[in-house]
>>> print(open('target.txt').read())   # compact mmCIF, C-alpha atoms and all ligand atoms
# COMPACT_ATOMS: atom_id res chain seq x y z
CA MET W 899 153.03 92.96 180.27
CA ALA W 900 155.45 94.46 177.77
CA ALA W 901 159.06 93.36 178.02
CA SER W 902 161.23 95.73 180.06
CA VAL W 903 164.48 94.06 179.00
CA ARG W 904 165.07 92.10 175.80
CA LEU W 905 167.45 89.20 176.33
CA GLY W 906 167.92 88.31 172.65
CA ARG W 907 166.75 85.60 170.28
CA ILE W 908 166.40 81.95 171.22
CA ALA W 909 165.39 79.51 168.45
CA GLY W 910 164.60 82.55 166.30
CA VAL W 911 162.19 84.08 168.83
CA MET W 912 162.76 87.37 170.67
CA VAL W 913 162.78 86.74 174.42
CA GLY W 914 162.04 89.55 176.86
CA VAL W 915 161.62 89.91 180.59
CA ASN W 916 159.16 92.21 182.32
CA TRP W 917 160.42 93.72 185.57
CA SER W 918 157.59 91.99 187.47
CA VAL W 919 159.37 88.64 187.02
CA LEU W 920 161.73 89.88 189.76
CA ILE W 921 158.84 89.55 192.20
CA ILE W 922 158.46 85.80 191.58
CA PHE W 923 162.22 85.34 191.51
CA VAL W 924 162.68 87.02 194.91
CA LEU W 925 159.62 85.32 196.47
CA ILE W 926 160.81 81.86 195.39
CA ALA W 927 164.52 82.34 196.18
CA TRP W 928 163.71 83.88 199.57
CA GLY W 929 160.99 81.34 200.42
CA LEU W 930 163.34 78.43 199.70
CA ALA W 931 166.54 79.91 201.18
CA ALA W 932 164.97 81.26 204.37
CA GLY W 933 162.16 78.77 204.94
CA GLN W 934 161.77 75.49 203.14
CA PHE W 935 165.41 74.38 202.66
CA PRO W 936 166.73 75.14 206.21
CA ALA W 937 163.67 73.41 207.68
CA ALA W 938 164.00 70.28 205.54
CA TYR W 939 167.82 70.05 205.45
CA PRO W 940 169.13 71.57 208.69
CA GLY W 941 172.79 71.84 209.65
CA ASN W 942 174.26 73.37 206.46
CA PRO W 943 176.15 76.69 206.38
CA ARG W 944 173.74 79.59 205.88
CA TRP W 945 175.23 80.70 202.52
CA THR W 946 174.53 77.28 200.97
CA TYR W 947 170.77 77.82 201.49
CA LEU W 948 171.04 81.19 199.76
CA VAL W 949 172.93 79.72 196.79
CA ALA W 950 170.48 76.80 196.60
CA GLY W 951 167.46 79.15 196.72
CA ILE W 952 168.80 81.48 194.02
CA ALA W 953 169.87 78.58 191.79
CA ALA W 954 166.48 76.86 192.15
CA ALA W 955 164.62 80.11 191.32
CA LEU W 956 166.81 80.71 188.26
CA VAL W 957 166.39 77.17 186.92
CA PHE W 958 162.63 77.47 187.60
CA LEU W 959 162.51 80.55 185.33
CA LEU W 960 164.56 78.73 182.66
CA GLY W 961 161.96 75.93 182.82
CA LEU W 962 159.18 78.48 182.20
CA LEU W 963 161.18 79.83 179.27
CA ALA W 964 161.59 76.33 177.79
CA HIS W 965 157.80 75.86 178.13
CA GLU W 966 157.08 79.09 176.19
CA ILE W 967 159.77 78.48 173.58
CA SER W 968 158.23 75.09 172.81
CA HIS W 969 154.85 76.80 172.19
CA ALA W 970 156.58 79.32 169.91
CA VAL W 971 158.53 76.75 167.90
CA VAL W 972 155.47 74.56 167.29
CA ALA W 973 153.35 77.64 166.48
CA LYS W 974 155.88 78.69 163.83
CA ARG W 975 155.89 75.21 162.38
CA ASN W 976 152.11 75.45 162.07
CA GLY W 977 152.21 78.68 160.12
CA LEU W 978 151.73 81.28 162.88
CA SER W 979 154.17 84.10 163.46
CA VAL W 980 155.62 84.65 166.93
CA GLN W 981 156.07 88.24 168.01
CA GLU W 982 157.86 87.70 171.30
CA ILE W 983 158.08 85.63 174.45
CA THR W 984 157.86 87.55 177.71
CA LEU W 985 158.40 86.31 181.24
CA TRP W 986 156.39 88.24 183.80
CA LEU W 987 154.61 88.07 187.15
CA PHE W 988 152.40 85.06 186.35
CA GLY W 989 154.89 83.09 184.28
CA GLY W 990 155.47 83.28 180.55
CA VAL W 991 153.51 84.50 177.54
CA ALA W 992 154.21 83.65 173.91
CA LYS W 993 152.61 86.34 171.75
CA LEU W 994 151.39 84.52 168.65
CA GLN W 995 149.95 86.18 165.57
CA GLY W 996 147.65 84.69 162.99
CA GLU W 997 144.95 82.06 163.14
CA VAL W 998 145.40 78.32 163.46
CA SER W 999 143.91 76.51 160.49
CA ASP W 1000 142.57 73.38 162.19
CA PRO W 1001 141.96 71.85 165.66
CA GLY W 1002 145.02 69.61 165.24
CA ALA W 1003 147.37 72.59 165.00
CA GLU W 1004 145.70 74.19 168.04
CA LEU W 1005 146.16 70.93 169.97
CA ARG W 1006 149.85 70.63 169.06
CA ILE W 1007 150.68 74.26 169.88
CA ALA W 1008 148.87 74.21 173.24
CA GLY W 1009 149.85 70.67 174.22
CA VAL W 1010 153.60 70.90 173.74
CA GLY W 1011 154.12 73.42 176.60
CA PRO W 1012 152.75 71.29 179.44
CA LEU W 1013 154.45 68.26 177.88
CA VAL W 1014 157.83 70.02 178.02
CA SER W 1015 157.22 71.06 181.66
CA LEU W 1016 156.27 67.48 182.52
CA VAL W 1017 159.43 66.07 180.91
CA ILE W 1018 161.63 68.66 182.66
CA GLY W 1019 159.94 67.78 185.96
CA LEU W 1020 160.45 64.04 185.46
CA VAL W 1021 164.14 64.55 184.56
CA PHE W 1022 164.72 66.55 187.76
CA LEU W 1023 162.88 63.94 189.83
CA GLY W 1024 165.06 61.28 188.17
CA VAL W 1025 168.22 63.15 189.17
CA ALA W 1026 166.86 63.47 192.72
CA ALA W 1027 166.18 59.72 192.82
CA VAL W 1028 169.73 58.93 191.62
CA LEU W 1029 171.20 61.26 194.28
CA ASN W 1030 169.04 59.55 196.88
CA LEU W 1031 170.26 56.09 195.80
CA ALA W 1032 173.86 57.34 195.98
CA GLY W 1033 173.26 58.31 199.60
CA GLN W 1034 173.21 62.06 198.82
CA ALA W 1035 169.87 62.97 200.41
CA GLY W 1036 171.02 66.46 201.42
CA LEU W 1037 170.37 70.01 200.20
CA LEU W 1038 171.33 69.32 196.55
CA HIS W 1039 168.81 66.46 196.48
CA GLY W 1040 166.27 68.93 197.90
CA VAL W 1041 166.88 71.40 195.07
CA PHE W 1042 166.27 68.76 192.38
CA LEU W 1043 163.24 67.42 194.23
CA TRP W 1044 161.71 70.92 194.39
CA LEU W 1045 162.49 71.63 190.72
CA GLY W 1046 160.91 68.29 189.73
CA GLY W 1047 157.78 68.95 191.76
CA ILE W 1048 157.29 72.57 190.63
CA ASN W 1049 157.68 71.72 186.91
CA ILE W 1050 155.14 68.90 187.21
CA ALA W 1051 152.83 71.29 189.09
CA ILE W 1052 153.17 73.79 186.22
CA ALA W 1053 152.31 71.07 183.70
CA VAL W 1054 149.24 70.00 185.72
CA PHE W 1055 148.00 73.56 186.40
CA ASN W 1056 148.37 74.50 182.74
CA VAL W 1057 146.22 71.63 181.48
CA LEU W 1058 143.23 72.70 183.59
CA PRO W 1059 140.57 73.06 180.89
CA ALA W 1060 140.06 76.82 181.08
CA ALA W 1061 141.19 79.72 178.87
CA PRO W 1062 143.68 81.40 178.83
CA LEU W 1063 145.57 78.35 180.16
CA ASP W 1064 146.96 75.78 177.72
CA GLY W 1065 144.21 73.41 178.89
CA GLY W 1066 141.66 76.00 177.73
CA ARG W 1067 143.20 75.84 174.24
CA LEU W 1068 143.10 72.03 174.39
CA LEU W 1069 139.42 72.19 175.39
CA ARG W 1070 138.80 74.63 172.53
CA ALA W 1071 140.55 72.31 170.06
CA ALA W 1072 138.53 69.31 171.30
CA LEU W 1073 135.17 71.13 171.15
CA TRP W 1074 136.07 72.60 167.77
CA LYS W 1075 136.90 69.13 166.39
CA TRP W 1076 133.79 67.59 167.98
CA ARG W 1077 131.15 70.19 167.12
CA GLY W 1078 132.85 71.98 164.22
CA ASP W 1079 132.05 75.43 165.65
CA ARG W 1080 135.24 77.25 166.46
CA VAL W 1081 133.64 80.41 167.89
CA ARG W 1082 131.34 78.48 170.21
CA ALA W 1083 134.34 76.39 171.38
CA ALA W 1084 136.33 79.55 172.18
CA ILE W 1085 133.42 81.05 174.14
CA VAL W 1086 132.93 77.87 176.20
CA SER W 1087 136.63 77.66 177.09
CA ALA W 1088 136.71 81.37 178.00
CA ARG W 1089 133.69 80.91 180.32
CA ALA W 1090 135.45 77.93 181.91
CA GLY W 1091 138.37 80.31 182.52
CA ARG W 1092 136.14 82.70 184.44
CA VAL W 1093 134.74 79.86 186.54
CA LEU W 1094 138.26 78.59 187.33
CA GLY W 1095 139.30 82.14 188.25
CA VAL W 1096 136.44 82.45 190.74
CA VAL W 1097 137.23 79.00 192.20
CA LEU W 1098 140.92 79.93 192.67
CA ILE W 1099 139.98 83.22 194.38
CA VAL W 1100 137.59 81.43 196.77
CA ILE W 1101 140.13 78.69 197.60
CA GLY W 1102 142.93 81.25 197.95
CA LEU W 1103 141.03 83.57 200.29
CA TRP W 1104 139.66 80.65 202.30
CA ARG W 1105 143.12 79.12 202.80
CA PHE W 1106 144.57 82.53 203.63
CA ALA W 1107 141.86 83.04 206.26
CA LEU W 1108 142.63 79.61 207.77
CA THR W 1109 146.43 79.60 207.58
CA GLY W 1110 147.59 83.19 206.99
CA VAL W 1111 150.09 81.80 204.45
CA PHE W 1112 150.98 84.33 201.76
CA GLY W 1113 151.07 81.65 199.03
CA ALA W 1114 147.29 81.28 199.40
CA LEU W 1115 146.80 84.94 198.43
CA TRP W 1116 148.99 84.29 195.40
CA LEU W 1117 146.44 81.71 194.25
CA ALA W 1118 143.67 84.31 194.59
CA LEU W 1119 145.76 86.79 192.58
CA ILE W 1120 146.21 84.24 189.77
CA GLY W 1121 142.45 83.66 189.83
CA TRP W 1122 141.82 87.38 189.47
CA PHE W 1123 144.20 87.53 186.50
CA LEU W 1124 142.51 84.52 184.87
CA ILE W 1125 139.06 86.15 185.10
CA GLY W 1126 140.30 89.27 183.31
CA ALA W 1127 142.15 87.36 180.60
CA ALA W 1128 139.22 84.98 180.04
CA ALA W 1129 136.79 87.91 179.69
CA THR W 1130 139.05 89.45 177.03
CA GLU W 1131 139.20 86.14 175.15
CA GLU W 1132 135.43 85.81 175.22
CA ARG W 1133 135.01 89.31 173.81
CA GLN W 1134 137.57 88.61 171.07
CA ALA W 1135 135.84 85.33 170.22
CA GLN W 1136 132.54 87.18 169.78
CA VAL W 1137 133.88 90.21 167.91
CA GLY W 1138 136.39 88.43 165.64
CA PRO W 1139 133.88 86.57 163.44
CA ALA W 1140 131.55 89.60 163.37
CA LEU W 1141 134.37 91.58 161.74
CA ALA W 1142 135.26 88.86 159.25
CA GLY W 1143 135.08 90.23 155.72
CA VAL W 1144 135.23 93.89 156.84
CA HIS W 1145 138.13 95.76 155.23
CA VAL W 1146 140.03 98.71 156.66
CA GLY W 1147 139.01 100.96 153.75
CA GLU W 1148 135.30 100.55 154.60
CA VAL W 1149 135.60 101.87 158.15
CA MET W 1150 138.51 104.36 158.08
CA SER W 1151 138.03 108.13 158.07
CA PRO W 1152 139.23 109.12 154.57
CA ASP W 1153 141.44 112.10 153.65
CA PRO W 1154 142.47 113.22 157.13
CA ASP W 1155 143.95 116.70 157.67
CA SER W 1156 147.70 116.37 157.97
CA ALA W 1157 150.42 118.70 159.20
CA PRO W 1158 154.02 119.27 158.04
CA PRO W 1159 156.63 117.73 160.39
CA ASP W 1160 158.69 120.94 160.59
CA MET W 1161 155.84 123.11 161.91
CA THR W 1162 156.34 124.37 165.47
CA VAL W 1163 153.95 123.33 168.22
CA ALA W 1164 152.84 126.98 168.73
CA GLU W 1165 151.94 127.38 165.05
CA PHE W 1166 150.19 123.99 165.09
CA ILE W 1167 148.00 124.98 168.04
CA ASP W 1168 146.99 128.26 166.33
CA ARG W 1169 146.41 126.95 162.83
CA TYR W 1170 145.20 123.38 163.36
CA LEU W 1171 144.02 122.48 166.84
CA LEU W 1172 141.81 125.49 167.47
CA GLY W 1173 140.05 125.20 164.11
CA HIS W 1174 139.46 121.43 164.02
CA ARG W 1175 137.66 118.88 166.13
CA HIS W 1176 140.22 116.10 165.56
CA SER W 1177 142.43 114.90 168.37
CA ALA W 1178 145.17 113.39 166.18
CA PHE W 1179 146.96 114.64 163.09
CA PRO W 1180 149.18 112.59 160.77
CA LEU W 1181 152.41 114.29 159.71
CA THR W 1182 153.17 113.97 156.02
CA ALA W 1183 156.08 114.84 153.76
CA ASP W 1184 155.22 114.76 150.02
CA GLY W 1185 152.01 112.91 150.91
CA ARG W 1186 153.84 110.10 152.71
CA PRO W 1187 153.12 109.59 156.43
CA VAL W 1188 156.13 110.33 158.67
CA GLY W 1189 154.49 110.40 162.11
CA LEU W 1190 151.37 111.10 164.13
CA VAL W 1191 150.74 113.88 166.64
CA THR W 1192 148.03 113.44 169.28
CA LEU W 1193 146.49 116.06 171.58
CA ASP W 1194 148.14 114.36 174.57
CA ARG W 1195 151.57 114.75 173.03
CA VAL W 1196 150.96 118.44 172.28
CA ARG W 1197 149.68 119.07 175.80
CA ARG W 1198 152.89 117.70 177.29
CA VAL W 1199 154.99 120.50 175.71
CA PRO W 1200 155.39 123.34 178.26
CA PRO W 1201 154.06 126.73 176.90
CA GLU W 1202 157.52 128.34 176.96
CA ARG W 1203 158.89 125.65 174.65
CA ARG W 1204 156.06 125.65 172.09
CA ASP W 1205 157.87 128.11 169.80
CA THR W 1206 161.02 126.03 169.56
CA THR W 1207 159.61 122.48 169.55
CA ARG W 1208 158.76 121.00 166.17
CA LEU W 1209 155.99 118.48 165.56
CA ARG W 1210 158.46 115.78 164.41
CA ASP W 1211 160.11 115.96 167.86
CA ILE W 1212 156.94 115.02 169.72
CA ALA W 1213 155.28 112.74 167.12
CA CYS W 1214 154.82 109.01 167.40
CA PRO W 1215 157.56 107.85 164.96
CA PRO W 1216 156.74 105.83 161.81
CA ASP W 1217 158.32 102.61 163.09
CA GLN W 1218 155.89 102.58 166.04
CA LEU W 1219 152.82 103.40 163.95
CA ALA W 1220 150.37 100.81 162.71
CA ILE W 1221 150.20 101.29 158.94
CA ALA W 1222 147.73 99.38 156.78
CA SER W 1223 146.32 99.33 153.28
CA PRO W 1224 142.60 99.90 152.62
CA GLN W 1225 142.28 96.28 151.41
CA GLU W 1226 143.61 94.75 154.63
CA PRO W 1227 141.04 92.82 156.74
CA LEU W 1228 140.18 94.87 159.85
CA ASP W 1229 140.61 91.96 162.28
CA GLN W 1230 144.24 91.60 161.21
CA LEU W 1231 145.00 95.27 161.84
CA LEU W 1232 143.45 95.39 165.34
CA PRO W 1233 146.25 93.48 167.15
CA ARG W 1234 148.83 95.87 165.66
CA LEU W 1235 147.34 99.09 167.08
CA THR W 1236 149.81 100.70 169.49
CA THR W 1237 149.53 102.91 172.55
CA CYS W 1238 152.12 105.20 170.97
CA ALA W 1239 149.42 106.38 168.55
CA ASP W 1240 146.58 106.06 171.10
CA GLY W 1241 145.12 103.12 169.17
CA ARG W 1242 145.11 104.81 165.76
CA ALA W 1243 146.38 103.49 162.44
CA LEU W 1244 147.37 105.32 159.26
CA ILE W 1245 146.02 103.96 156.00
CA VAL W 1246 148.33 104.14 153.02
CA ALA W 1247 147.81 103.38 149.32
CA ASP W 1248 150.65 103.76 146.78
CA GLN W 1249 152.81 105.18 149.61
CA ARG W 1250 150.38 108.08 150.11
CA LEU W 1251 148.23 108.70 153.17
CA VAL W 1252 144.59 108.05 152.27
CA GLY W 1253 142.95 107.66 155.67
CA ILE W 1254 143.18 107.31 159.42
CA LEU W 1255 141.57 104.62 161.57
CA THR W 1256 140.52 105.85 165.02
CA PRO W 1257 139.17 103.93 168.05
CA THR W 1258 135.77 105.49 167.26
CA ASP W 1259 135.88 104.03 163.73
CA VAL W 1260 136.70 100.62 165.22
CA SER W 1261 133.90 100.63 167.79
CA ARG W 1262 131.41 101.81 165.16
CA ALA W 1263 132.53 98.94 162.89
CA VAL W 1264 132.14 96.45 165.74
CA ALA W 1265 128.67 97.75 166.61
CA ASN W 1266 127.57 97.61 162.94
CA ALA W 1267 129.04 94.15 162.41
CA THR W 1268 127.35 92.82 165.55
CA LEU W 1269 123.99 94.22 164.40
CA ARG W 1270 124.51 92.70 160.97
CA GLY W 1271 125.51 89.38 162.54
CA GLN W 1272 122.37 89.32 164.68
CA ALA W 1273 120.23 90.15 161.66
CA THR W 1274 121.63 87.30 159.56
CA HIS W 1275 121.38 84.78 162.37
CA ARG W 1276 117.77 85.60 163.16
CA PRO W 1277 115.48 82.89 161.78
CA ALA W 1278 113.44 84.18 158.88
ZN ZN O 1 151.81 77.07 178.10
>>> encode(input="target.txt", output="structure tokens")
Amino acid sequence: MAASVRLGRIAGVMVGVNWSVLIIFVLIAWGLAAGQFPAAYPGNPRWTYLVAGIAAALVFLLGLLAHEISHAVVAKRNGLSVQEITLWLFGGVAKLQGEVSDPGAELRIAGVGPLVSLVIGLVFLGVAAVLNLAGQAGLLHGVFLWLGGINIAIAVFNVLPAAPLDGGRLLRAALWKWRGDRVRAAIVSARAGRVLGVVLIVIGLWRFALTGVFGALWLALIGWFLIGAAATEERQAQVGPALAGVHVGEVMSPDPDSAPPDMTVAEFIDRYLLGHRHSAFPLTADGRPVGLVTLDRVRRVPPERRDTTRLRDIACPPDQLAIASPQEPLDQLLPRLTTCADGRALIVADQRLVGILTPTDVSRAVANATLRGQATHRPA
């Protein structure tokens, strides 16, 4: 769910929108303008329903944004760094980096989002109540009523105690505080996430079978997403501590063969690819890394252009490469690996390339660490 469009910084945090957010925007605006509003408040000109539907959908998205920004601001205050906030198909995501130091910080970061949604919802319901008292129980009242209800629904859904929802983080914080075992707490909340996902799918499909309403399928889709995200969290919870204390230098492949950036693709294929078994080559200038060429990138150059295309033209550029020092802890490097370099990182000491970290190196490290972990936990 990478951002397709970056909107800019709000409260110091980059905010982006993935194209898939258009799907929820259109579904909500259309559902309200063509269905719910005309049915509940008949007799208005048709364009007013359209304006009301679009406005409600827009304000709904702004409410989601406020929810995510509150997570980001509190996370920063508790020492985490915030990469970006992205709105997408299933709402918002705040990409946080780093580890919370104690259950209290976890509780504050996770709790503030639903709290903000709840407050927004109550404010909108308050406005609706005032309009009602003033005798304005028409379409405008309907818009505020819907916005109040949906924001409270978001708050309630998000505190369900299951990862990756905010409630899952709250559960993790509570178990962590209670039992003192952070890893165990994360695994329990991730398993709860899978259970919730299955429950949502069953309810969604069952309601769809009974009513044929599309919204029921949406519930099933959210359940499916939750199962996937919860499984990832469980894996991370298990692998993270196994890798604690492992440094990049211990698992990298040292002294990789590198190629000069000005070499043509044709020359590269003759002199490097055919003689080596590697599938990625760092480009270096005076020993410093200036890019990375992968087999996939070479393959995409048509044969007739191999003589004129230079490696620097097809390389993953330095600003999109994950670069680390041999002393860096492996678990901190993993989240930085990019698809641009097919999950590889270049390892640099004193500005010179000293190694490359490949997906194979990482899985070998994980396998070794897991074995070691099992060995130390086995009762003697
Ligand atoms: Zn949240």
>>> closest_atom_pairs(input="target.txt", of="chain W", to="ligand ZN 1 (chain O)", cutoff="9 Å", atoms="all atoms listed in the file", output="CSV")
residue,atom,partner,partner_atom,distance
W:Leu962,CA,O:ZN1,ZN,8.6
W:His965,CA,O:ZN1,ZN,6.1
W:Glu966,CA,O:ZN1,ZN,6.0
W:Ser968,CA,O:ZN1,ZN,8.6
W:His969,CA,O:ZN1,ZN,6.7
W:Gly990,CA,O:ZN1,ZN,7.6
W:Val991,CA,O:ZN1,ZN,7.6
W:Ala992,CA,O:ZN1,ZN,8.2
W:Ile1007,CA,O:ZN1,ZN,8.8
W:Ala1008,CA,O:ZN1,ZN,6.4
W:Gly1009,CA,O:ZN1,ZN,7.7
W:Val1010,CA,O:ZN1,ZN,7.8
W:Gly1011,CA,O:ZN1,ZN,4.6
W:Pro1012,CA,O:ZN1,ZN,6.0
W:Ser1015,CA,O:ZN1,ZN,8.8
W:Ile1052,CA,O:ZN1,ZN,8.9
W:Ala1053,CA,O:ZN1,ZN,8.2
W:Asn1056,CA,O:ZN1,ZN,6.3
W:Val1057,CA,O:ZN1,ZN,8.5
W:Leu1063,CA,O:ZN1,ZN,6.7
W:Asp1064,CA,O:ZN1,ZN,5.0
W:Gly1065,CA,O:ZN1,ZN,8.5
>>> residues_around(input="target.txt", residues="segment 1167-1180 of chain W", least_positions_apart="3", cutoff="8 Å", atoms="all atoms listed in the file", output="PDB file with C-alpha atoms, keeping the file's coordinate frame")
ATOM      1  CA  PRO W1154     142.470 113.220 157.130  1.00  0.00           C
ATOM      2  CA  ASP W1155     143.950 116.700 157.670  1.00  0.00           C
ATOM      3  CA  SER W1156     147.700 116.370 157.970  1.00  0.00           C
ATOM      4  CA  ALA W1157     150.420 118.700 159.200  1.00  0.00           C
ATOM      5  CA  VAL W1163     153.950 123.330 168.220  1.00  0.00           C
ATOM      6  CA  ALA W1164     152.840 126.980 168.730  1.00  0.00           C
ATOM      7  CA  PRO W1187     153.120 109.590 156.430  1.00  0.00           C
ATOM      8  CA  VAL W1188     156.130 110.330 158.670  1.00  0.00           C
ATOM      9  CA  GLY W1189     154.490 110.400 162.110  1.00  0.00           C
ATOM     10  CA  LEU W1190     151.370 111.100 164.130  1.00  0.00           C
ATOM     11  CA  VAL W1191     150.740 113.880 166.640  1.00  0.00           C
ATOM     12  CA  THR W1192     148.030 113.440 169.280  1.00  0.00           C
ATOM     13  CA  LEU W1193     146.490 116.060 171.580  1.00  0.00           C
ATOM     14  CA  LEU W1244     147.370 105.320 159.260  1.00  0.00           C
TER      15      LEU W1244
END
>>> residues_around(input="target.txt", residues="segment 1019-1028 of chain W", least_positions_apart="6", cutoff="9 Å", atoms="only C-alpha atoms", output="count of residues only")
18
>>> atom_distance(input="target.txt", atom1="atom CA of Pro1158 of chain W", atom2="atom CA of Thr1182 of chain W")
5.7 Å
>>> closest_residue(input="target.txt", among="W:Glu1131, W:Asp1184, W:Asp1259, W:Glu982", to="Leu1228 of chain W", atoms="all atoms listed in the file")
W:Asp1259
>>> atom_distance(input="target.txt", atom1="atom CA of Leu920 of chain W", atom2="atom CA of Trp986 of chain W")
8.2 Å
>>> axis_aligned_box(input="target.txt", around="segment 1164-1169 of chain W", padding_each_side="4 Å", output="lines of an AutoDock Vina configuration file")
center_x = 149.6
center_y = 126.1
center_z = 165.8
size_x = 14.4
size_y = 12.3
size_z = 13.9
>>> residues_around(input="target.txt", residues="Trp1116 of chain W", least_positions_apart="6", cutoff="10 Å", atoms="all atoms listed in the file", output="CSV table (one decimal) with C-alpha atoms, keeping the file's coordinate frame")
chain,number,residue,atom,x,y,z
W,988,PHE,CA,152.4,85.1,186.4
W,1098,LEU,CA,140.9,79.9,192.7
W,1099,ILE,CA,140.0,83.2,194.4
W,1102,GLY,CA,142.9,81.2,198.0
W,1103,LEU,CA,141.0,83.6,200.3
W,1106,PHE,CA,144.6,82.5,203.6
W,1122,TRP,CA,141.8,87.4,189.5
>>> atom_distance(input="target.txt", atom1="atom CA of Arg1006 of chain W", atom2="atom CA of Phe958 of chain W")
23.5 Å
>>> decode(input="target.txt", residues="segment 966-982 of chain W", atoms="N, CA and C atoms", output="JSON list (two decimals), in the first residue's frame")
[["chain", "number", "residue", "atom", "x", "y", "z"],
["W", 966, "GLU", "N", -5.04, 8.90, 12.10],
["W", 966, "GLU", "CA", -3.65, 8.45, 11.87],
["W", 966, "GLU", "C", -2.63, 9.48, 12.33],
["W", 967, "ILE", "N", -2.94, 10.77, 12.09],
["W", 967, "ILE", "CA", -1.99, 11.81, 12.51],
["W", 967, "ILE", "C", -1.83, 11.79, 14.03],
["W", 968, "SER", "N", -2.91, 11.52, 14.75],
["W", 968, "SER", "CA", -2.79, 11.47, 16.21],
["W", 968, "SER", "C", -1.86, 10.33, 16.63],
["W", 969, "HIS", "N", -1.97, 9.15, 15.96],
["W", 969, "HIS", "CA", -1.02, 8.06, 16.24],
["W", 969, "HIS", "C", 0.41, 8.55, 16.01],
["W", 970, "ALA", "N", 0.62, 9.22, 14.87],
["W", 970, "ALA", "CA", 1.97, 9.63, 14.47],
["W", 970, "ALA", "C", 2.56, 10.63, 15.46],
["W", 971, "VAL", "N", 1.74, 11.61, 15.87],
["W", 971, "VAL", "CA", 2.24, 12.65, 16.77],
["W", 971, "VAL", "C", 2.63, 12.03, 18.12],
["W", 972, "VAL", "N", 1.75, 11.16, 18.64],
["W", 972, "VAL", "CA", 2.06, 10.55, 19.94],
["W", 972, "VAL", "C", 3.26, 9.60, 19.82],
["W", 973, "ALA", "N", 3.37, 8.90, 18.67],
["W", 973, "ALA", "CA", 4.51, 8.00, 18.46],
["W", 973, "ALA", "C", 5.82, 8.79, 18.48],
["W", 974, "LYS", "N", 5.81, 9.95, 17.80],
["W", 974, "LYS", "CA", 7.02, 10.79, 17.79],
["W", 974, "LYS", "C", 7.37, 11.24, 19.19],
["W", 975, "ARG", "N", 6.35, 11.63, 19.95],
["W", 975, "ARG", "CA", 6.59, 12.10, 21.30],
["W", 975, "ARG", "C", 7.16, 11.00, 22.19],
["W", 976, "ASN", "N", 6.90, 9.73, 21.80],
["W", 976, "ASN", "CA", 7.42, 8.61, 22.58],
["W", 976, "ASN", "C", 8.67, 7.99, 21.96],
["W", 977, "GLY", "N", 9.34, 8.80, 21.11],
["W", 977, "GLY", "CA", 10.66, 8.40, 20.65],
["W", 977, "GLY", "C", 10.70, 7.55, 19.39],
["W", 978, "LEU", "N", 9.55, 7.29, 18.75],
["W", 978, "LEU", "CA", 9.58, 6.53, 17.50],
["W", 978, "LEU", "C", 9.72, 7.52, 16.35],
["W", 979, "SER", "N", 10.18, 7.02, 15.19],
["W", 979, "SER", "CA", 10.16, 7.90, 14.03],
["W", 979, "SER", "C", 9.01, 7.46, 13.12],
["W", 980, "VAL", "N", 8.40, 8.44, 12.45],
["W", 980, "VAL", "CA", 7.24, 8.16, 11.60],
["W", 980, "VAL", "C", 7.65, 8.38, 10.16],
["W", 981, "GLN", "N", 7.57, 7.30, 9.37],
["W", 981, "GLN", "CA", 7.99, 7.36, 7.99],
["W", 981, "GLN", "C", 6.96, 8.13, 7.17],
["W", 982, "GLU", "N", 5.70, 7.73, 7.31],
["W", 982, "GLU", "CA", 4.67, 8.27, 6.43],
["W", 982, "GLU", "C", 3.30, 7.81, 6.91]]
